[in-house]
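Below: one structure, written as structure tokens.
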Amino acid sequence: MNATLVLPELDANSFWHDDSGFKGLYDVEHFIKALRYDVKIVERLPETSSKGKSKKMKAYQIRPPRDAPISWYTTDALQKMKEHGAIYLTPFSHRLAEEIDYPEYQRLRCRVNYHALRFKPHIMKLSNMIVNKLRSQGHFMAIHLRFEMDMLAFAGCLDIFTPKEQEILKKYRKENFADKDLKYSERRAIGKCPLTPEEVGLILRAIGFDNSTRIYIAAGELFGGERFMKPFRSLFPHLENHSTVGPADELAENTRGLLGSAVDYMVCLLADIFMPTYDGPSNFANNVMGHRLYYGFRTIIQPDRKALAPIFIDRENGRSAGFEEAVRHAMSKTPFGGPHKRVKPESFYTNSWPECFCQTSPQNPADKCPPENVVEVLNDQLHREETDGKETDSLNQTNFTSR
């Protein structure tokens, strides 16, 4: 497309009620610099002049198809960009197919996610302080406890809640998601419901964690409140979150907002063990898992909800004999953060192996690892190109003048 990228906007008002924006969360200077060899990035649309007056360029809004192929961008989107000068793509979550046969584009995704996107210095400092404080007392596990209103409404898992709570979830679903006839028993049986806090605790106990385990909870406001957390806390009393470990004054006003989520992300990334409880459409969990795998296959406990569902249903119906053994058997088939081939429906963002991993002794030269000083190499190459360009310009000017 040969296009210039304007800094992305974050759609955070609908649920997070936070207007911090991209600049309030990410290190913009680093983002632009890290991708300078891939795409030109500007902070805002330029102004245009007409009849001696300057005004801000307006972008033509387009809704990209979900999981669109590259060809859609090089035809439909490119045509609109040429017509209007600028296009605004919204929404943009899952708007480019994950499985594309362009290895360099896949590697670009990793450069963006794991190198270019870096939180602002004060967020990194705060996250590091929390991790150091947790680690000063020994190893710790981070759990992304996805039991919030938006995800429960999306999943259609309502029956475990009171009639009043069900009405709240139904209302939220009607206002934010497509209308579907979702039956709880059917959803539950195929593992489409988020794990409850108690189920998370029972899984951990079954695979060998005792009540001395220290756990950092990454979550927004849990729907249903304390009655769902009480069974979990009775199994694992040593619980922390960013509000209990971090400075209260800095996080108090943004516990539910983007700052709290950014801190949670970094703590989950750096924890000794990470456990997502609902990795389906959860961008947070998928990205953390992919990030941990990218930086060294760090341990992940990834419950197979589909395999676990009948085990929990049997337990609820009074058939609890062999429960822990059955849980251990189901969990033994998960990769625990190690390298493994991506198999549908696993997301590229959860597992970018092998596209984003180079080889020290490759059969194909394209798989060779870049030199450790790759930035210096690129800078030298860019300098040579600029020098060659100046020499060519000088030669052209000389030829033109001599004539």
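Note on naming: chains are A, B, ... as they come in the structure tokens, residues start from 1 per chain, ligands start from 1 in the order shown.
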Checklist line | Residue neighbourhood region 166-173 of chain A, 12 Å, only C-alpha atoms, exclusion window fewer than 4 positions, as a VMD selection string | finding: chain A and resid 14 to 15 148 to 162 177 to 182 184 223 to 224
Keeping only N, CA and C atoms, write those residues as a compact mmCIF listing (two decimals), in the first residue's frame.
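Printed below is part.txt as written:
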# COMPACT_ATOMS: atom_id res chain seq x y z
N SER A 14 -15.72 2.35 25.92
CA SER A 14 -16.93 1.55 26.04
C SER A 14 -16.96 0.69 27.31
N PHE A 15 -15.82 0.11 27.68
CA PHE A 15 -15.80 -0.73 28.88
C PHE A 15 -14.90 -0.16 29.96
N GLU A 148 -15.23 -11.26 34.51
CA GLU A 148 -15.83 -9.93 34.54
C GLU A 148 -17.10 -9.90 33.70
N MET A 149 -17.88 -8.86 33.89
CA MET A 149 -19.21 -8.78 33.28
C MET A 149 -19.18 -8.92 31.77
N ASP A 150 -18.25 -8.24 31.10
CA ASP A 150 -18.25 -8.25 29.63
C ASP A 150 -18.01 -9.65 29.07
N MET A 151 -17.07 -10.39 29.67
CA MET A 151 -16.75 -11.73 29.15
C MET A 151 -17.85 -12.73 29.48
N LEU A 152 -18.44 -12.62 30.65
CA LEU A 152 -19.53 -13.54 31.01
C LEU A 152 -20.74 -13.30 30.13
N ALA A 153 -21.03 -12.04 29.82
CA ALA A 153 -22.15 -11.71 28.93
C ALA A 153 -21.86 -12.22 27.52
N PHE A 154 -20.62 -12.05 27.08
CA PHE A 154 -20.23 -12.51 25.74
C PHE A 154 -20.38 -14.03 25.64
N ALA A 155 -19.93 -14.74 26.67
CA ALA A 155 -19.96 -16.20 26.65
C ALA A 155 -21.36 -16.76 26.80
N GLY A 156 -22.28 -15.95 27.35
CA GLY A 156 -23.64 -16.41 27.54
C GLY A 156 -23.79 -17.39 28.69
N CYS A 157 -22.91 -17.28 29.68
CA CYS A 157 -22.91 -18.21 30.82
C CYS A 157 -23.57 -17.53 32.02
N LEU A 158 -24.89 -17.68 32.11
CA LEU A 158 -25.66 -16.88 33.08
C LEU A 158 -26.23 -17.67 34.25
N ASP A 159 -26.44 -18.96 34.08
CA ASP A 159 -27.27 -19.70 35.03
C ASP A 159 -26.72 -19.78 36.45
N ILE A 160 -25.44 -19.55 36.65
CA ILE A 160 -24.87 -19.65 38.00
C ILE A 160 -25.09 -18.37 38.80
N PHE A 161 -25.73 -17.38 38.18
CA PHE A 161 -25.93 -16.09 38.85
C PHE A 161 -27.37 -15.92 39.32
N THR A 162 -27.58 -14.96 40.20
CA THR A 162 -28.92 -14.67 40.70
C THR A 162 -29.77 -14.08 39.57
N PHE A 177 -23.35 -7.07 22.04
CA PHE A 177 -23.01 -8.22 21.21
C PHE A 177 -24.17 -8.64 20.32
N ALA A 178 -23.85 -9.41 19.30
CA ALA A 178 -24.87 -9.90 18.38
C ALA A 178 -25.84 -10.83 19.10
N ASP A 179 -27.09 -10.79 18.67
CA ASP A 179 -28.14 -11.59 19.29
C ASP A 179 -27.98 -13.06 18.90
N LYS A 180 -27.80 -13.93 19.89
CA LYS A 180 -27.68 -15.37 19.66
C LYS A 180 -28.43 -16.11 20.75
N ASP A 181 -28.94 -17.28 20.41
CA ASP A 181 -29.62 -18.13 21.38
C ASP A 181 -28.58 -19.04 22.03
N LEU A 182 -28.09 -18.64 23.20
CA LEU A 182 -27.03 -19.38 23.88
C LEU A 182 -27.61 -20.12 25.09
N TYR A 184 -26.86 -22.22 28.42
CA TYR A 184 -25.76 -22.39 29.36
C TYR A 184 -25.26 -23.82 29.41
N PHE A 223 -17.40 -10.18 38.54
CA PHE A 223 -18.86 -10.15 38.61
C PHE A 223 -19.34 -11.16 39.64
N GLY A 224 -20.26 -10.74 40.46
CA GLY A 224 -20.74 -11.62 41.52
C GLY A 224 -20.00 -11.44 42.83
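For Ser212 (chain A), the residues within 7 Å (counting only C-alpha atoms, excluding itself and residues fewer than 2 positions away along the chain) are Asp210, Arg214 and His238 of chain A.
Of the listed residues A:Ala116, A:Val42, A:Leu202, A:Leu126, the one whose atoms come nearest to Ala262 (chain A) is A:Leu126, with distances taken using only C-alpha atoms.
Excluding Pro121 (chain A) itself and any same-chain residue fewer than 5 positions from it, the protein and nucleic acid residues within 10 Å of it, counting only C-alpha atoms, are Leu25, Tyr26, Asp27, Leu126 and Ser127 of chain A.
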Which residues of region 63-113 of chain A sit at most 12 Å from region 288-293 of chain A, using only C-alpha atoms? Give each one's shortest atom pair and distance in Å (one decimal place), in chain and ascending residue order, as CSV.
residue,atom,partner,partner_atom,distance
A:Arg109,CA,A:Gly290,CA,11.4
A:Cys110,CA,A:His291,CA,8.9
A:Arg111,CA,A:His291,CA,11.1
A:Val112,CA,A:His291,CA,11.4
A:Asn113,CA,A:His291,CA,8.0
Next item on the list: Rounded to one decimal place, report the CA of Asn287 (chain A)-CA of Phe140 (chain A) distance in Å.
Entry: 19.9 Å
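Among A:Phe228, A:Arg305, A:Phe209, A:Lys33, the residue with the shortest atom-to-atom distance to Arg187 (chain A), counting only C-alpha atoms, is A:Arg305.
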Next item on the list: Assign secondary structure with DSSP using the backbone only, and return the residues of region 245-351 of chain A in helix (DSSP H, G or I) as a PyMOL selection string.
Entry: chain A and resi 245+248-254+258-270+283-294+305-316+323-331
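Among the candidate residues A:Glu104, A:Glu226, A:Glu316, A:Glu324, the one lying nearest to Ile207 (chain A) is A:Glu324, with distances computed using only C-alpha atoms.
If only C-alpha atoms are the atoms counted, then among A:His144, A:Arg63, A:His340, A:Lys306 the closest residue to Ala77 (chain A) is A:Arg63.
Reported to one decimal place, the separation of CA of Ala218 (chain A) from CA of Ile313 (chain A) is 26.3 Å.
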